[in-house]
Amino acid sequence: MSTKTAATDPFADSEHSDTEAVLRHAFEKAPLDAEVARRVDERADRIMEQVRRTHGVIDDETFQSLLADDES
């Protein structure tokens with residue numbers, strides 16, 4: 001577990017700033033800087049890869065059945 005806080009971890013500060021920019025883009029229709037979009041995409045790719053390594057790949061039929069279970 002890391003003991004870094006947002007004040008001491010430049011990545012956490014960048015992630016926080018990117019999150020705010022994405023929220024402004026989504027809810028206030030503010031333009032999204034291309035560099036912010038690139039960083040967000042890279043983080044999403046890393047997270048998806050971690051999920052795949054941990055849980056494997058779920059086929060479409062199983063995924064759809066899980067969604068249907070959530071709706072009922």
# chains A, B, ... in the order shown; residues from 1 in each chain; ligands from 1

call {"tool": "select_by_dssp", "arguments": {"residues": "chain A", "states": "helix (DSSP H, G or I)", "output": "compact mmCIF listing (two decimals) with C-alpha atoms, in the first residue's frame"}}
result
# COMPACT_ATOMS: atom_id res chain seq x y z
CA PRO A 10 2.22 13.95 -8.87
CA PHE A 11 0.29 11.12 -10.57
CA ALA A 12 -2.60 11.43 -8.10
CA ASP A 13 -2.67 15.20 -8.67
CA SER A 14 -2.70 14.68 -12.45
CA GLU A 15 -5.43 12.05 -12.15
CA HIS A 16 -7.54 14.41 -10.04
CA SER A 17 -7.09 17.25 -12.55
CA ASP A 18 -7.95 14.93 -15.43
CA THR A 19 -11.08 13.74 -13.62
CA GLU A 20 -12.23 17.31 -13.13
CA ALA A 21 -11.58 18.08 -16.81
CA VAL A 22 -13.57 15.01 -17.91
CA LEU A 23 -16.47 15.96 -15.63
CA ARG A 24 -16.49 19.53 -16.98
CA HIS A 25 -16.47 18.08 -20.49
CA ALA A 26 -19.34 15.68 -19.73
CA PHE A 27 -21.61 17.99 -17.77
CA GLU A 28 -20.69 21.50 -18.87
CA ALA A 34 -6.28 16.03 -26.32
CA GLU A 35 -3.51 15.33 -23.79
CA VAL A 36 -6.08 14.77 -21.02
CA ALA A 37 -8.02 12.38 -23.27
CA ARG A 38 -4.82 10.47 -24.05
CA ARG A 39 -3.93 10.08 -20.35
CA VAL A 40 -7.46 8.97 -19.48
CA ASP A 41 -7.43 6.40 -22.30
CA GLU A 42 -4.05 5.07 -21.12
CA ARG A 43 -5.29 4.72 -17.53
CA ALA A 44 -8.45 2.97 -18.73
CA ASP A 45 -6.35 0.52 -20.77
CA ARG A 46 -4.17 -0.27 -17.73
CA ILE A 47 -7.22 -0.82 -15.53
CA MET A 48 -8.92 -3.05 -18.12
CA GLU A 49 -5.76 -5.14 -18.42
CA GLN A 50 -5.59 -5.55 -14.62
CA VAL A 51 -9.23 -6.68 -14.57
CA ARG A 52 -8.58 -9.18 -17.37
CA ARG A 53 -5.56 -10.62 -15.55
CA THR A 54 -7.52 -10.90 -12.31
CA HIS A 55 -10.88 -12.14 -13.62
CA ASP A 60 -20.67 -11.62 -24.52
CA GLU A 61 -23.45 -14.07 -23.60
CA THR A 62 -22.30 -14.26 -19.97
CA PHE A 63 -21.91 -10.49 -19.80
CA GLN A 64 -25.43 -9.92 -21.15
CA SER A 65 -26.87 -12.40 -18.63
CA LEU A 66 -25.12 -10.56 -15.80
CA LEU A 67 -26.65 -7.28 -17.01
CA ALA A 68 -30.08 -8.91 -17.17
CA ASP A 69 -29.66 -10.17 -13.59
CA ASP A 70 -28.87 -6.62 -12.43
CA GLU A 71 -32.02 -5.28 -14.06
